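Shown below: coords.cif, with mmCIF, C-alpha atoms, pLDDT in the B column; chains and numbers go by the auth columns.
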data_target
loop_
_atom_site.group_PDB
_atom_site.id
_atom_site.type_symbol
_atom_site.label_atom_id
_atom_site.label_comp_id
_atom_site.label_asym_id
_atom_site.label_seq_id
_atom_site.Cartn_x
_atom_site.Cartn_y
_atom_site.Cartn_z
_atom_site.B_iso_or_equiv
_atom_site.auth_seq_id
_atom_site.auth_asym_id
ATOM 1 C CA MET A 1 54.739 -55.395 -13.356 90.00 1 A
ATOM 2 C CA LEU A 2 54.507 -51.567 -13.161 93.00 2 A
ATOM 3 C CA TYR A 3 52.803 -51.756 -9.756 96.00 3 A
ATOM 4 C CA PHE A 4 55.521 -54.046 -8.407 96.00 4 A
ATOM 5 C CA GLN A 5 58.244 -51.688 -9.698 96.00 5 A
ATOM 6 C CA LEU A 6 56.384 -48.758 -8.141 96.00 6 A
ATOM 7 C CA PHE A 7 56.157 -50.550 -4.782 97.00 7 A
ATOM 8 C CA TYR A 8 59.813 -51.603 -4.865 97.00 8 A
ATOM 9 C CA THR A 9 61.003 -48.130 -5.877 96.00 9 A
ATOM 10 C CA PHE A 10 59.091 -46.258 -3.175 96.00 10 A
ATOM 11 C CA PHE A 11 59.836 -48.853 -0.505 97.00 11 A
ATOM 12 C CA LYS A 12 63.528 -48.348 -1.282 95.00 12 A
ATOM 13 C CA ILE A 13 63.093 -44.550 -1.168 93.00 13 A
ATOM 14 C CA GLY A 14 61.277 -44.811 2.176 93.00 14 A
ATOM 15 C CA LEU A 15 63.980 -47.079 3.538 91.00 15 A
ATOM 16 C CA PHE A 16 66.965 -44.968 2.490 87.00 16 A
ATOM 17 C CA GLY A 17 65.410 -41.493 2.413 80.00 17 A
ATOM 18 C CA PHE A 18 67.159 -40.126 5.493 72.00 18 A
ATOM 19 C CA GLY A 19 66.694 -36.446 6.227 69.00 19 A
ATOM 20 C CA GLY A 20 62.979 -36.083 5.589 74.00 20 A
ATOM 21 C CA GLY A 21 60.824 -35.405 2.580 77.00 21 A
ATOM 22 C CA TYR A 22 63.051 -32.825 0.926 77.00 22 A
ATOM 23 C CA ALA A 23 65.973 -35.243 1.062 77.00 23 A
ATOM 24 C CA MET A 24 63.744 -37.865 -0.574 85.00 24 A
ATOM 25 C CA LEU A 25 63.049 -35.629 -3.567 86.00 25 A
ATOM 26 C CA SER A 26 66.418 -36.268 -5.181 86.00 26 A
ATOM 27 C CA LEU A 27 65.936 -40.018 -4.766 89.00 27 A
ATOM 28 C CA ILE A 28 62.440 -39.827 -6.202 91.00 28 A
ATOM 29 C CA GLN A 29 63.644 -37.763 -9.154 91.00 29 A
ATOM 30 C CA ARG A 30 66.518 -40.125 -9.898 91.00 30 A
ATOM 31 C CA GLU A 31 64.228 -43.143 -9.845 94.00 31 A
ATOM 32 C CA VAL A 32 61.069 -41.879 -11.551 94.00 32 A
ATOM 33 C CA VAL A 33 62.596 -39.466 -14.074 92.00 33 A
ATOM 34 C CA THR A 34 66.088 -40.764 -14.821 92.00 34 A
ATOM 35 C CA HIS A 35 65.916 -44.514 -14.132 95.00 35 A
ATOM 36 C CA TYR A 36 62.380 -45.546 -15.093 95.00 36 A
ATOM 37 C CA GLY A 37 61.301 -42.550 -17.167 94.00 37 A
ATOM 38 C CA TRP A 38 57.802 -42.596 -15.687 94.00 38 A
ATOM 39 C CA LEU A 39 57.784 -38.794 -15.629 93.00 39 A
ATOM 40 C CA LYS A 40 59.370 -36.033 -17.658 92.00 40 A
ATOM 41 C CA PRO A 41 61.490 -33.487 -15.733 90.00 41 A
ATOM 42 C CA GLN A 42 58.772 -30.825 -16.109 87.00 42 A
ATOM 43 C CA GLU A 43 56.123 -33.203 -14.717 91.00 43 A
ATOM 44 C CA PHE A 44 58.348 -33.906 -11.731 91.00 44 A
ATOM 45 C CA THR A 45 58.791 -30.177 -11.113 88.00 45 A
ATOM 46 C CA ASP A 46 55.009 -29.766 -11.209 89.00 46 A
ATOM 47 C CA ILE A 47 54.575 -32.636 -8.774 88.00 47 A
ATOM 48 C CA VAL A 48 57.061 -31.070 -6.332 87.00 48 A
ATOM 49 C CA ALA A 49 55.189 -27.750 -6.513 84.00 49 A
ATOM 50 C CA ILE A 50 51.832 -29.460 -5.897 89.00 50 A
ATOM 51 C CA SER A 51 53.310 -31.537 -3.064 87.00 51 A
ATOM 52 C CA GLN A 52 54.549 -28.392 -1.346 82.00 52 A
ATOM 53 C CA MET A 53 51.139 -26.735 -1.577 83.00 53 A
ATOM 54 C CA THR A 54 49.117 -29.639 -0.214 87.00 54 A
ATOM 55 C CA PRO A 55 48.970 -30.565 3.475 88.00 55 A
ATOM 56 C CA GLY A 56 51.206 -33.372 4.630 88.00 56 A
ATOM 57 C CA PRO A 57 54.830 -34.418 4.256 89.00 57 A
ATOM 58 C CA ILE A 58 56.294 -33.579 0.867 87.00 58 A
ATOM 59 C CA GLY A 59 57.852 -37.035 0.390 89.00 59 A
ATOM 60 C CA ILE A 60 54.537 -38.802 0.924 92.00 60 A
ATOM 61 C CA ASN A 61 52.629 -36.297 -1.194 93.00 61 A
ATOM 62 C CA SER A 62 55.168 -36.718 -3.991 93.00 62 A
ATOM 63 C CA ALA A 63 54.856 -40.496 -3.828 95.00 63 A
ATOM 64 C CA THR A 64 51.075 -40.208 -4.071 94.00 64 A
ATOM 65 C CA TYR A 65 51.215 -37.930 -7.106 94.00 65 A
ATOM 66 C CA VAL A 66 53.963 -39.922 -8.829 95.00 66 A
ATOM 67 C CA GLY A 67 52.019 -43.146 -8.288 96.00 67 A
ATOM 68 C CA PHE A 68 48.948 -41.668 -9.906 95.00 68 A
ATOM 69 C CA THR A 69 50.829 -40.025 -12.758 93.00 69 A
ATOM 70 C CA ALA A 70 52.928 -43.113 -13.543 93.00 70 A
ATOM 71 C CA THR A 71 49.988 -45.529 -13.577 94.00 71 A
ATOM 72 C CA GLY A 72 47.015 -43.301 -14.306 93.00 72 A
ATOM 73 C CA SER A 73 45.078 -44.887 -11.460 95.00 73 A
ATOM 74 C CA VAL A 74 44.322 -44.452 -7.781 97.00 74 A
ATOM 75 C CA TRP A 75 45.891 -47.877 -7.180 97.00 75 A
ATOM 76 C CA GLY A 76 49.251 -46.442 -8.222 96.00 76 A
ATOM 77 C CA SER A 77 48.820 -43.645 -5.683 96.00 77 A
ATOM 78 C CA LEU A 78 47.901 -46.080 -2.939 97.00 78 A
ATOM 79 C CA ILE A 79 50.769 -48.443 -3.695 97.00 79 A
ATOM 80 C CA ALA A 80 53.421 -45.694 -3.864 97.00 80 A
ATOM 81 C CA THR A 81 52.145 -44.017 -0.697 96.00 81 A
ATOM 82 C CA PHE A 82 51.954 -47.292 1.218 97.00 82 A
ATOM 83 C CA ALA A 83 55.417 -48.326 0.038 97.00 83 A
ATOM 84 C CA VAL A 84 57.097 -45.063 1.048 95.00 84 A
ATOM 85 C CA ILE A 85 55.658 -45.119 4.605 95.00 85 A
ATOM 86 C CA LEU A 86 56.032 -48.859 5.212 97.00 86 A
ATOM 87 C CA PRO A 87 59.743 -48.781 6.220 95.00 87 A
ATOM 88 C CA SER A 88 59.115 -46.013 8.774 91.00 88 A
ATOM 89 C CA PHE A 89 56.086 -47.871 10.111 94.00 89 A
ATOM 90 C CA ILE A 90 58.089 -51.090 10.571 95.00 90 A
ATOM 91 C CA LEU A 91 60.924 -49.182 12.231 91.00 91 A
ATOM 92 C CA MET A 92 58.542 -47.438 14.635 91.00 92 A
ATOM 93 C CA ILE A 93 56.928 -50.769 15.596 93.00 93 A
ATOM 94 C CA MET A 94 60.354 -52.212 16.327 91.00 94 A
ATOM 95 C CA ILE A 95 61.427 -49.159 18.331 89.00 95 A
ATOM 96 C CA SER A 96 58.186 -49.109 20.327 90.00 96 A
ATOM 97 C CA LYS A 97 58.580 -52.788 21.237 88.00 97 A
ATOM 98 C CA PHE A 98 62.147 -52.072 22.346 87.00 98 A
ATOM 99 C CA PHE A 99 61.060 -48.994 24.255 85.00 99 A
ATOM 100 C CA LEU A 100 58.187 -50.727 26.060 87.00 100 A
ATOM 101 C CA LYS A 101 60.490 -53.546 27.116 89.00 101 A
ATOM 102 C CA TYR A 102 63.430 -51.391 28.245 89.00 102 A
ATOM 103 C CA GLN A 103 61.873 -48.025 29.127 88.00 103 A
ATOM 104 C CA LYS A 104 62.770 -48.327 32.824 91.00 104 A
ATOM 105 C CA HIS A 105 66.383 -49.304 32.127 92.00 105 A
ATOM 106 C CA PRO A 106 68.795 -46.654 33.450 93.00 106 A
ATOM 107 C CA ALA A 107 70.641 -46.387 30.119 92.00 107 A
ATOM 108 C CA VAL A 108 67.412 -45.738 28.183 89.00 108 A
ATOM 109 C CA GLU A 109 66.260 -43.186 30.760 91.00 109 A
ATOM 110 C CA ALA A 110 69.651 -41.445 30.489 93.00 110 A
ATOM 111 C CA VAL A 111 69.376 -41.296 26.700 89.00 111 A
ATOM 112 C CA PHE A 112 65.937 -39.676 26.924 86.00 112 A
ATOM 113 C CA ARG A 113 67.157 -37.210 29.565 92.00 113 A
ATOM 114 C CA GLY A 114 69.849 -36.201 27.089 90.00 114 A
ATOM 115 C CA LEU A 115 67.446 -36.035 24.142 87.00 115 A
ATOM 116 C CA ARG A 116 64.957 -33.673 25.795 89.00 116 A
ATOM 117 C CA PRO A 117 67.241 -30.619 25.853 91.00 117 A
ATOM 118 C CA ALA A 118 68.461 -31.446 22.343 86.00 118 A
ATOM 119 C CA VAL A 119 64.881 -31.480 21.016 83.00 119 A
ATOM 120 C CA VAL A 120 64.135 -28.174 22.741 84.00 120 A
ATOM 121 C CA GLY A 121 67.311 -26.728 21.218 85.00 121 A
ATOM 122 C CA LEU A 122 66.367 -27.926 17.726 77.00 122 A
ATOM 123 C CA LEU A 123 62.873 -26.488 18.035 78.00 123 A
ATOM 124 C CA ALA A 124 64.259 -23.190 19.312 83.00 124 A
ATOM 125 C CA SER A 125 66.745 -23.112 16.439 78.00 125 A
ATOM 126 C CA ALA A 126 63.952 -23.665 13.914 68.00 126 A
ATOM 127 C CA ALA A 127 61.839 -20.941 15.550 78.00 127 A
ATOM 128 C CA LEU A 128 64.726 -18.475 15.594 81.00 128 A
ATOM 129 C CA GLY A 129 65.505 -19.341 11.988 75.00 129 A
ATOM 130 C CA LEU A 130 62.006 -18.188 11.047 73.00 130 A
ATOM 131 C CA MET A 131 62.549 -14.811 12.694 82.00 131 A
ATOM 132 C CA ASN A 132 64.058 -13.244 9.601 79.00 132 A
ATOM 133 C CA VAL A 133 63.421 -10.339 7.270 81.00 133 A
ATOM 134 C CA GLU A 134 61.196 -12.457 5.010 75.00 134 A
ATOM 135 C CA ASN A 135 58.764 -13.143 7.863 77.00 135 A
ATOM 136 C CA PHE A 136 59.056 -9.990 9.983 82.00 136 A
ATOM 137 C CA ASN A 137 60.150 -7.377 7.430 81.00 137 A
ATOM 138 C CA SER A 138 62.953 -4.954 8.150 85.00 138 A
ATOM 139 C CA PRO A 139 62.352 -2.167 10.694 89.00 139 A
ATOM 140 C CA SER A 140 64.454 0.205 8.596 90.00 140 A
ATOM 141 C CA LYS A 141 62.615 -0.509 5.327 88.00 141 A
ATOM 142 C CA ASP A 142 59.002 -0.933 6.496 89.00 142 A
ATOM 143 C CA THR A 143 58.483 0.018 10.137 91.00 143 A
ATOM 144 C CA TYR A 144 54.685 -0.490 10.024 92.00 144 A
ATOM 145 C CA SER A 145 54.945 -4.073 8.728 89.00 145 A
ATOM 146 C CA PHE A 146 57.695 -4.872 11.217 91.00 146 A
ATOM 147 C CA ILE A 147 55.624 -3.623 14.169 92.00 147 A
ATOM 148 C CA ILE A 148 52.500 -5.487 12.968 92.00 148 A
ATOM 149 C CA SER A 149 54.520 -8.706 12.481 89.00 149 A
ATOM 150 C CA CYS A 150 56.009 -8.435 15.979 91.00 150 A
ATOM 151 C CA ALA A 151 52.568 -7.678 17.480 92.00 151 A
ATOM 152 C CA ILE A 152 51.015 -10.696 15.773 92.00 152 A
ATOM 153 C CA PHE A 153 53.891 -12.864 17.034 90.00 153 A
ATOM 154 C CA ILE A 154 53.428 -11.613 20.602 93.00 154 A
ATOM 155 C CA ILE A 155 49.639 -12.104 20.423 93.00 155 A
ATOM 156 C CA ALA A 156 50.106 -15.668 19.177 93.00 156 A
ATOM 157 C CA PHE A 157 52.731 -16.456 21.803 92.00 157 A
ATOM 158 C CA ILE A 158 50.725 -15.070 24.725 95.00 158 A
ATOM 159 C CA GLY A 159 47.462 -16.533 23.421 94.00 159 A
ATOM 160 C CA THR A 160 48.835 -20.062 23.191 93.00 160 A
ATOM 161 C CA LYS A 161 51.156 -19.963 26.205 93.00 161 A
ATOM 162 C CA LYS A 162 49.231 -17.993 28.838 94.00 162 A
ATOM 163 C CA TYR A 163 45.599 -18.383 27.769 95.00 163 A
ATOM 164 C CA LYS A 164 45.970 -21.897 26.274 94.00 164 A
ATOM 165 C CA ILE A 165 44.106 -20.932 23.084 94.00 165 A
ATOM 166 C CA ASN A 166 44.013 -23.748 20.541 92.00 166 A
ATOM 167 C CA PRO A 167 46.931 -23.234 18.088 88.00 167 A
ATOM 168 C CA ILE A 168 44.708 -23.822 15.057 87.00 168 A
ATOM 169 C CA LEU A 169 42.324 -21.115 16.231 92.00 169 A
ATOM 170 C CA MET A 170 45.318 -18.868 16.903 92.00 170 A
ATOM 171 C CA ILE A 171 46.581 -19.385 13.340 87.00 171 A
ATOM 172 C CA VAL A 172 43.180 -18.420 11.932 89.00 172 A
ATOM 173 C CA VAL A 173 42.883 -15.357 14.205 91.00 173 A
ATOM 174 C CA CYS A 174 46.405 -14.154 13.363 90.00 174 A
ATOM 175 C CA GLY A 175 45.766 -14.728 9.667 88.00 175 A
ATOM 176 C CA VAL A 176 42.619 -12.589 9.829 92.00 176 A
ATOM 177 C CA ILE A 177 44.483 -9.877 11.763 92.00 177 A
ATOM 178 C CA GLY A 178 47.230 -9.918 9.151 88.00 178 A
ATOM 179 C CA LEU A 179 44.711 -9.757 6.321 90.00 179 A
ATOM 180 C CA ILE A 180 42.982 -6.750 7.896 93.00 180 A
ATOM 181 C CA LEU A 181 46.121 -4.831 8.882 89.00 181 A
ATOM 182 C CA TYR A 182 48.218 -5.456 5.792 80.00 182 A
#

Could you show the structure in this file as structure tokens?
Amino acid sequence: MLYFQLFYTFFKIGLFGFGGGYAMLSLIQREVVTHYGWLKPQEFTDIVAISQMTPGPIGINSATYVGFTATGSVWGSLIATFAVILPSFILMIMISKFFLKYQKHPAVEAVFRGLRPAVVGLLASAALGLMNVENFNSPSKDTYSFIISCAIFIIAFIGTKKYKINPILMIVVCGVIGLILY
């Protein structure tokens, strides 16, 4: 019965969790802490912290940890994880079938022509949002750190754009440079 409730709960969260993993957190908390009482509030806070530190989407990581914590078994993790991604998987299958059938239709082509600049704008907005004092320091407070941060940014940009260096390698190289210079 617990496994069925776990599946149903995370399927529902995956289905209605619009806005990404962080938006799912409030749904997960309401269900697993308030409604079912599978976790205490402190346990949920710990799970959120662990989910942020581990690779992967926070909503899926949270489902995995909640599934294990609620059931005490790997099966709980598997069921919760599967249930939270299943709605997105079904939706993507449906969209891909639609897309393959109608991809040459003028209306679909027009929609994608309109989406391309929007996606570029959203990515640029996210990148510009990261160019803040927390990531680059303030030139008036710590000129050395600001100059090093800007230099690392320029190295990474030129390395990936002009020289086509693998982004993962670039992350490692910039991390080492930062470790040495800071």

Pairwise distance, CA of Lys40 in chain A with CA of Pro87 in chain A, equals 27.1 Å

Taking (50.8, -43.6, -13.0) in the coordinates of the supplied file, I want to know which residues reach to within 12 Å of it, counting all atoms listed in the file; could you give the answer as a ChimeraX atom specification?
/A:2-3,5-6,32,36-39,43,63-80

Excluding Asn137 in chain A and any residue of its chain fewer than 4 positions from it, enumerate the residues within 10 Å of it, using only C-alpha atoms, and give them as number ranges by chain. A: 131-133, 141-150

Only C-alpha atoms, please: the residues just picked out, written as a PDB file, keeping the file's coordinate frame.
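Result written to again_25.pdb:
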ATOM      1  CA  MET A 131      62.549 -14.811  12.694  1.00 82.00           C
ATOM      2  CA  ASN A 132      64.058 -13.244   9.601  1.00 79.00           C
ATOM      3  CA  VAL A 133      63.421 -10.339   7.270  1.00 81.00           C
ATOM      4  CA  LYS A 141      62.615  -0.509   5.327  1.00 88.00           C
ATOM      5  CA  ASP A 142      59.002  -0.933   6.496  1.00 89.00           C
ATOM      6  CA  THR A 143      58.483   0.018  10.137  1.00 91.00           C
ATOM      7  CA  TYR A 144      54.685  -0.490  10.024  1.00 92.00           C
ATOM      8  CA  SER A 145      54.945  -4.073   8.728  1.00 89.00           C
ATOM      9  CA  PHE A 146      57.695  -4.872  11.217  1.00 91.00           C
ATOM     10  CA  ILE A 147      55.624  -3.623  14.169  1.00 92.00           C
ATOM     11  CA  ILE A 148      52.500  -5.487  12.968  1.00 92.00           C
ATOM     12  CA  SER A 149      54.520  -8.706  12.481  1.00 89.00           C
ATOM     13  CA  CYS A 150      56.009  -8.435  15.979  1.00 91.00           C
TER      14      CYS A 150
END

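Checking A:Ile13, A:Ile168, A:Ala118, A:Ile155 one by one against Ser26 in chain A, counting only C-alpha atoms, you find the shortest gap at A:Ile13.
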
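Distances here use all atoms listed in the file; by that measure, the residue among A:Phe89, A:Tyr22, A:Phe16, A:Phe82 closest to Ile58 in chain A is A:Tyr22.
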
Practice prompt. Skip Lys12 in chain A itself and residues of its chain fewer than 6 positions away, then list as a PyMOL selection string all residues within 10 Å of it, counting all atoms listed in the file.
Written response: chain A and resi 6+27-28+83-84+86-87

Written selection (C-alpha atoms) as an mmCIF file, in the frame of the given file:
data_model
loop_
_atom_site.group_PDB
_atom_site.id
_atom_site.type_symbol
_atom_site.label_atom_id
_atom_site.label_comp_id
_atom_site.auth_asym_id
_atom_site.auth_seq_id
_atom_site.Cartn_x
_atom_site.Cartn_y
_atom_site.Cartn_z
ATOM 1 C CA LEU A 6 56.384 -48.758 -8.141
ATOM 2 C CA LEU A 27 65.936 -40.018 -4.766
ATOM 3 C CA ILE A 28 62.440 -39.827 -6.202
ATOM 4 C CA ALA A 83 55.417 -48.326 0.038
ATOM 5 C CA VAL A 84 57.097 -45.063 1.048
ATOM 6 C CA LEU A 86 56.032 -48.859 5.212
ATOM 7 C CA PRO A 87 59.743 -48.781 6.220
#

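When you apply the PyMOL selection byres ((chain A and resi 171) around 12) to this structure, what comes back is Ile152, Phe153, Ile155, Ala156, Phe157, Gly159, Thr160, Ile165, Asn166, Pro167, Ile168, Leu169, Met170, Val172, Val173, Cys174, Gly175, Val176, Ile177 and Gly178 of chain A.
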
Students should find that CA of Ile85 in chain A and CA of Gly14 in chain A are spaced 6.1 Å

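CA of Ser96 in chain A sits 22.5 Å away from CA of Thr81 in chain A.
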